[in-house]
>>> print(open('data_11.txt').read())   # compact mmCIF, C-alpha atoms and all ligand atoms
# COMPACT_ATOMS: atom_id res chain seq x y z
CA MET A 1 165.96 156.82 49.74
CA PRO A 2 162.27 156.70 50.74
CA PHE A 3 159.97 157.02 47.75
CA ASN A 4 158.21 160.11 49.18
CA GLN A 5 161.39 162.01 49.70
CA TYR A 6 162.52 161.02 46.26
CA CYS A 7 159.32 162.50 44.82
CA LYS A 8 159.72 165.63 46.89
CA GLU A 9 163.22 166.15 45.59
CA LEU A 10 162.09 165.57 42.05
CA LYS A 11 159.56 168.35 42.50
CA GLY A 12 162.50 170.69 42.66
CA ILE A 13 162.85 170.04 38.96
CA SER A 14 159.87 172.32 38.35
CA THR A 15 162.43 175.10 37.96
CA HIS A 16 163.30 173.25 34.78
CA LYS A 17 159.74 173.79 33.61
CA ILE A 18 158.53 170.30 34.39
CA ASP A 19 155.44 171.08 36.33
CA PHE A 20 153.15 168.16 35.92
CA LEU A 21 154.07 166.99 39.39
CA GLU A 22 151.82 169.47 41.10
CA SER A 23 149.34 166.83 42.25
CA SER A 24 150.06 165.61 45.74
CA SER A 25 149.52 161.95 44.90
CA ILE A 26 151.99 160.77 42.38
CA ASP A 27 152.64 157.20 41.53
CA GLU A 28 155.73 155.40 40.46
CA ARG A 29 154.76 155.55 36.79
CA GLU A 30 154.62 159.33 36.93
CA VAL A 31 158.00 159.50 38.58
CA LYS A 32 159.49 157.34 35.85
CA GLU A 33 157.88 159.61 33.28
CA LEU A 34 159.31 162.61 35.05
CA CYS A 35 162.76 161.10 34.99
CA LEU A 36 162.50 160.43 31.29
CA THR A 37 161.26 163.95 30.60
CA PHE A 38 164.01 165.40 32.71
CA ARG A 39 166.56 163.28 30.97
CA SER A 40 165.42 164.28 27.55
CA SER A 41 165.32 167.93 28.61
CA ILE A 42 168.95 167.61 29.63
CA GLU A 43 169.75 165.97 26.31
CA GLN A 44 168.00 168.73 24.39
CA THR A 45 170.03 171.33 26.17
CA GLY A 46 173.20 169.69 25.04
CA ALA A 47 174.04 167.12 27.66
CA ARG A 48 174.75 164.39 25.19
CA ARG A 49 177.58 162.04 25.90
CA GLU A 50 180.17 164.41 24.55
CA GLY A 51 178.84 167.17 26.83
CA ILE A 52 178.96 165.16 30.00
CA LEU A 53 182.39 166.35 31.01
CA ASP A 54 181.28 169.95 30.55
CA ILE A 55 178.36 169.44 32.86
CA PHE A 56 179.73 167.08 35.48
CA GLY A 57 183.46 167.72 35.09
CA ASN A 58 183.79 169.79 38.24
CA ILE A 59 181.44 168.01 40.62
CA VAL A 60 184.63 166.98 42.38
CA GLU A 61 186.87 170.03 42.37
CA LYS A 62 189.28 169.99 39.42
CA CYS A 63 188.92 166.22 39.05
CA PRO A 64 187.29 165.69 35.64
CA LEU A 65 189.04 162.32 35.58
CA ILE A 66 186.36 161.07 37.95
CA THR A 67 183.57 162.08 35.58
CA GLY A 68 185.52 160.54 32.73
CA ALA A 69 185.86 157.32 34.69
CA ILE A 70 182.13 156.97 35.36
CA TRP A 71 181.20 158.32 31.90
CA SER A 72 179.60 155.12 30.63
CA LYS A 73 177.07 155.19 33.47
CA ILE A 74 175.75 158.64 32.49
CA PRO A 75 173.07 159.83 31.63
CA PHE A 76 171.44 158.77 34.79
CA GLN A 77 167.78 158.33 35.44
CA VAL A 78 168.10 160.02 38.77
CA TYR A 79 170.67 162.43 40.04
CA LEU A 80 171.39 160.24 43.04
CA ALA A 81 172.96 157.70 40.74
CA VAL A 82 175.60 160.24 39.72
CA GLU A 83 176.52 160.66 43.32
CA GLU A 84 176.63 156.94 43.98
CA CYS A 85 178.90 156.33 41.02
CA VAL A 86 181.26 159.08 42.12
CA SER A 87 181.31 157.78 45.65
CA GLU A 88 181.98 154.19 44.58
CA PHE A 89 184.74 155.30 42.26
CA ILE A 90 186.44 157.38 44.95
CA ASP A 91 186.19 154.52 47.45
CA SER A 92 187.85 152.21 44.95
CA LEU A 93 190.95 154.42 44.75
CA SER A 94 194.21 153.78 46.54
CA SER A 95 195.30 156.14 49.33
CA SER A 96 197.47 158.10 46.92
CA GLY A 97 194.50 158.50 44.56
CA LYS A 98 192.42 159.85 47.41
CA GLU A 99 195.22 162.15 48.51
CA GLY A 100 195.40 163.40 44.92
CA ILE A 101 191.74 164.39 45.06
CA LEU A 102 192.34 166.38 48.24
CA ARG A 103 195.38 168.07 46.72
CA CYS A 104 193.26 169.26 43.79
CA HIS A 105 191.19 171.34 46.20
CA PRO A 106 192.20 174.94 46.75
CA ASP A 107 193.02 176.06 50.27
CA LEU A 108 190.19 177.81 52.03
CA CYS A 109 190.95 181.50 51.91
CA GLY A 110 194.20 180.66 50.15
CA ARG A 111 196.17 181.91 47.17
CA ASP A 112 193.48 181.20 44.56
CA LEU A 113 190.93 183.20 46.47
CA THR A 114 193.33 186.15 46.80
CA ARG A 115 194.22 185.99 43.10
CA GLY A 116 190.64 185.52 41.97
CA THR A 117 191.48 182.20 40.31
CA LEU A 118 189.04 179.92 42.16
CA THR A 119 186.50 177.95 40.14
CA GLU A 120 183.07 179.54 40.32
CA GLU A 121 181.81 176.67 42.48
CA SER A 122 184.60 177.04 45.00
CA GLN A 123 184.27 180.83 44.99
CA ASN A 124 180.56 180.52 45.85
CA GLU A 125 181.17 177.93 48.53
CA GLN A 126 183.92 179.93 50.20
CA SER A 127 181.92 183.11 49.95
CA GLN A 128 178.86 181.49 51.49
CA ALA A 129 180.94 180.41 54.47
CA GLY A 130 182.11 184.00 54.95
CA LEU A 131 185.69 183.25 53.88
CA THR A 132 185.81 186.04 51.32
CA SER A 133 185.32 188.67 53.98
CA LEU A 134 187.71 187.65 56.73
CA ASN A 135 189.58 190.35 58.60
CA PRO A 136 193.41 190.24 58.40
CA MET A 137 193.71 188.46 61.75
CA GLU A 138 191.17 185.76 60.83
CA ARG A 139 192.87 185.26 57.48
CA GLU A 140 196.26 184.88 59.09
CA ILE A 141 195.00 182.30 61.58
CA LEU A 142 193.33 180.26 58.84
CA ASN A 143 196.38 180.44 56.57
CA HIS A 144 198.63 179.39 59.42
CA LEU A 145 196.41 176.40 60.32
CA ASN A 146 196.14 175.37 56.67
CA LEU A 147 199.89 175.37 56.42
CA GLN A 148 200.32 173.33 59.60
CA TYR A 149 197.74 170.85 58.30
CA LYS A 150 199.52 170.50 54.97
CA GLU A 151 202.86 170.05 56.66
CA LYS A 152 201.49 167.30 58.88
CA PHE A 153 199.40 165.38 56.34
CA GLY A 154 200.80 166.31 52.94
CA PHE A 155 197.40 167.17 51.49
CA THR A 156 194.91 170.03 51.63
CA PHE A 157 192.47 170.47 54.48
CA VAL A 158 189.04 169.94 52.88
CA ILE A 159 185.70 170.77 54.39
CA CYS A 160 182.30 171.38 52.83
CA ALA A 161 182.26 175.15 53.27
CA LYS A 162 178.57 175.52 52.45
CA MET A 163 177.67 173.30 55.38
CA SER A 164 179.84 175.34 57.71
CA ASP A 165 180.94 178.89 58.45
CA LYS A 166 184.20 180.68 59.08
CA ASN A 167 184.22 180.07 62.84
CA LYS A 168 183.31 176.40 62.61
CA ILE A 169 185.89 175.90 59.87
CA THR A 170 188.69 177.26 62.07
CA GLN A 171 187.51 175.13 64.99
CA GLU A 172 187.30 172.03 62.81
CA LEU A 173 190.73 172.67 61.34
CA ASN A 174 192.19 172.95 64.82
CA SER A 175 190.57 169.76 65.94
CA ARG A 176 191.29 167.73 62.79
CA LEU A 177 194.95 168.65 63.07
CA GLN A 178 195.08 166.25 66.03
CA ASN A 179 193.96 163.23 63.98
CA ASP A 180 196.14 160.53 62.52
CA PRO A 181 196.75 160.61 58.75
CA CYS A 182 194.53 157.64 57.94
CA GLN A 183 191.56 159.06 59.77
CA GLU A 184 192.15 162.47 58.24
CA LEU A 185 192.31 161.09 54.71
CA GLN A 186 188.88 159.55 55.28
CA ASN A 187 187.53 162.78 56.83
CA GLY A 188 188.71 164.78 53.83
CA ILE A 189 187.13 162.33 51.38
CA ASP A 190 183.84 162.38 53.29
CA GLN A 191 183.83 166.16 52.91
CA VAL A 192 184.61 165.90 49.18
CA LYS A 193 181.48 163.75 48.82
CA LYS A 194 179.39 166.36 50.62
CA ILE A 195 180.69 169.11 48.34
CA CYS A 196 179.95 166.88 45.36
CA HIS A 197 176.40 166.25 46.61
CA LEU A 198 175.66 169.99 46.76
CA ARG A 199 177.25 170.65 43.38
CA ILE A 200 175.11 167.96 41.75
CA GLN A 201 172.02 169.44 43.37
CA ASP A 202 172.96 172.86 42.05
CA ILE A 203 173.19 171.48 38.52
CA PHE A 204 169.98 169.46 38.63
CA PHE A 205 167.75 171.59 40.79
CA HIS A 206 169.04 175.14 40.79
CA GLY A 207 169.98 175.46 37.15
CA LYS A 208 173.58 176.46 37.97
CA ILE A 209 175.94 176.48 35.03
CA PRO A 210 178.94 174.40 36.03
CA THR A 211 182.56 175.31 35.41
CA LYS A 212 183.95 173.78 32.25
CA LEU A 213 187.45 172.52 32.91
N1 LIG A 301 189.88 173.25 50.87
C1 LIG A 301 188.57 173.10 50.73
O1 LIG A 301 187.87 172.57 51.59
N2 LIG A 301 188.05 173.55 49.59
C2 LIG A 301 186.72 173.36 49.24
N3 LIG A 301 185.67 173.31 50.17
C3 LIG A 301 184.55 173.74 49.58
O2 LIG A 301 183.42 173.76 50.08
N4 LIG A 301 184.86 174.19 48.34
C4 LIG A 301 186.18 174.07 48.10
O3 LIG A 301 186.82 174.45 47.13
>>> encode(input="data_11.txt", output="structure tokens", more="lines below")
Ligand SMILES: NC(=O)N[C@H]1NC(=O)NC1=O
Amino acid sequence: MPFNQYCKELKGISTHKIDFLESSSIDEREVKELCLTFRSSIEQTGARREGILDIFGNIVEKCPLITGAIWSKIPFQVYLAVEECVSEFIDSLSSSGKEGILRCHPDLCGRDLTRGTLTEESQNEQSQAGLTSLNPMEREILNHLNLQYKEKFGFTFVICAKMSDKNKITQELNSRLQNDPCQELQNGIDQVKKICHLRIQDIFFHGKIPTKL
């Protein structure tokens, strides 16, 4: 990541009351200092080793095992490292491991949404994509496509809802149904990584309280 963009992203941390980055010219030393301050602020608010699962446990939906697996690499100096570790770990899994991750995701506009049993993260994501306010016809089409997808591939259709909307999701589902299983496994995993990216950003930059699994 280019240094400038890195600094710009770090500025988002000012919501965490770290505001000495107001000057436009910051050097590498200041960034390192910022990272350390940020890190210690996380530690002070309880993110010690034993709290890591509480904070990062749901960055991949209902897969705290992933956080547990990369546990020794946390705390991280920069949030990007969390993402990289997750991504590397997922890539190292067998196909059945990857399928397992997809199966841990709730259907979009599925049973958990109807019953109100989604995790808060998933509820927000689905709501932002307009999936909590579908009309009966839209819901039926989506449920039908989800079912077809599951029957064909044996795992859940996963898409980063926050980067999409209800119409694009239906279109994408229709088109991804035509893929072969190998390609679709990779597509699903790529989407999981996007969801994870946004969830990590929410924790670090938007002060969101993550679901404790
Ligand atoms: N099935 C599926 O894509 N679910 C996920 N997508 C998303 O953005 N949040 C989810 O829970």
>>> closest_atom_pairs(input="data_11.txt", of="chain A", to="ligand LIG 301 (chain A)", cutoff="7 Å", atoms="only C-alpha atoms and all ligand atoms", output="tab-separated table")
residue	atom	partner	partner_atom	distance
A:Glu61	CA	A:LIG301	O3	6.5
A:His105	CA	A:LIG301	N2	5.1
A:Pro106	CA	A:LIG301	N1	5.0
A:Asp107	CA	A:LIG301	N1	4.3
A:Leu108	CA	A:LIG301	N1	4.7
A:Ser122	CA	A:LIG301	O3	4.0
A:Glu125	CA	A:LIG301	O2	5.0
A:Gln126	CA	A:LIG301	N4	6.1
A:Thr156	CA	A:LIG301	N1	6.0
A:Phe157	CA	A:LIG301	N1	5.2
A:Val158	CA	A:LIG301	O1	3.2
A:Ile159	CA	A:LIG301	O1	4.0
A:Cys160	CA	A:LIG301	O2	3.8
A:Ala161	CA	A:LIG301	O2	3.7
A:Lys162	CA	A:LIG301	O2	5.7
A:Ile195	CA	A:LIG301	O2	5.7
>>> residues_around(input="data_11.txt", residues="Val60 of chain A", least_positions_apart="3", cutoff="10 Å", atoms="all atoms listed in the file", output="compact mmCIF listing (two decimals) with C-alpha atoms, keeping the file's coordinate frame")
# COMPACT_ATOMS: atom_id res chain seq x y z
CA PHE A 56 179.73 167.08 35.48
CA GLY A 57 183.46 167.72 35.09
CA CYS A 63 188.92 166.22 39.05
CA PRO A 64 187.29 165.69 35.64
CA LEU A 65 189.04 162.32 35.58
CA ILE A 66 186.36 161.07 37.95
CA THR A 67 183.57 162.08 35.58
CA VAL A 86 181.26 159.08 42.12
CA ILE A 101 191.74 164.39 45.06
CA LEU A 102 192.34 166.38 48.24
CA CYS A 104 193.26 169.26 43.79
CA HIS A 105 191.19 171.34 46.20
CA VAL A 192 184.61 165.90 49.18
CA LYS A 193 181.48 163.75 48.82
CA LYS A 194 179.39 166.36 50.62
CA ILE A 195 180.69 169.11 48.34
CA CYS A 196 179.95 166.88 45.36
CA HIS A 197 176.40 166.25 46.61
CA ARG A 199 177.25 170.65 43.38
CA ILE A 200 175.11 167.96 41.75
>>> closest_residue(input="data_11.txt", among="A:Pro181, A:Ile59, A:Ala129, A:Leu198", to="Lys168 of chain A", atoms="only C-alpha atoms")
A:Ala129
>>> closest_residue(input="data_11.txt", among="A:Cys109, A:Leu118, A:Cys182, A:Ala69", to="Lys152 of chain A", atoms="only C-alpha atoms")
A:Cys182
>>> closest_residue(input="data_11.txt", among="A:Ser95, A:Gly110, A:Met163, A:Phe89", to="Gln123 of chain A", atoms="all atoms listed in the file")
A:Gly110
>>> atom_distance(input="data_11.txt", atom1="atom CA of Ser127 of chain A", atom2="atom CA of Gly188 of chain A")
19.9 Å
>>> axis_aligned_box(input="data_11.txt", around="segment 97-107 of chain A", padding_each_side="5 Å", output="lines of an AutoDock Vina configuration file")
center_x = 193.3
center_y = 167.3
center_z = 47.0
size_x = 14.2
size_y = 27.6
size_z = 16.5
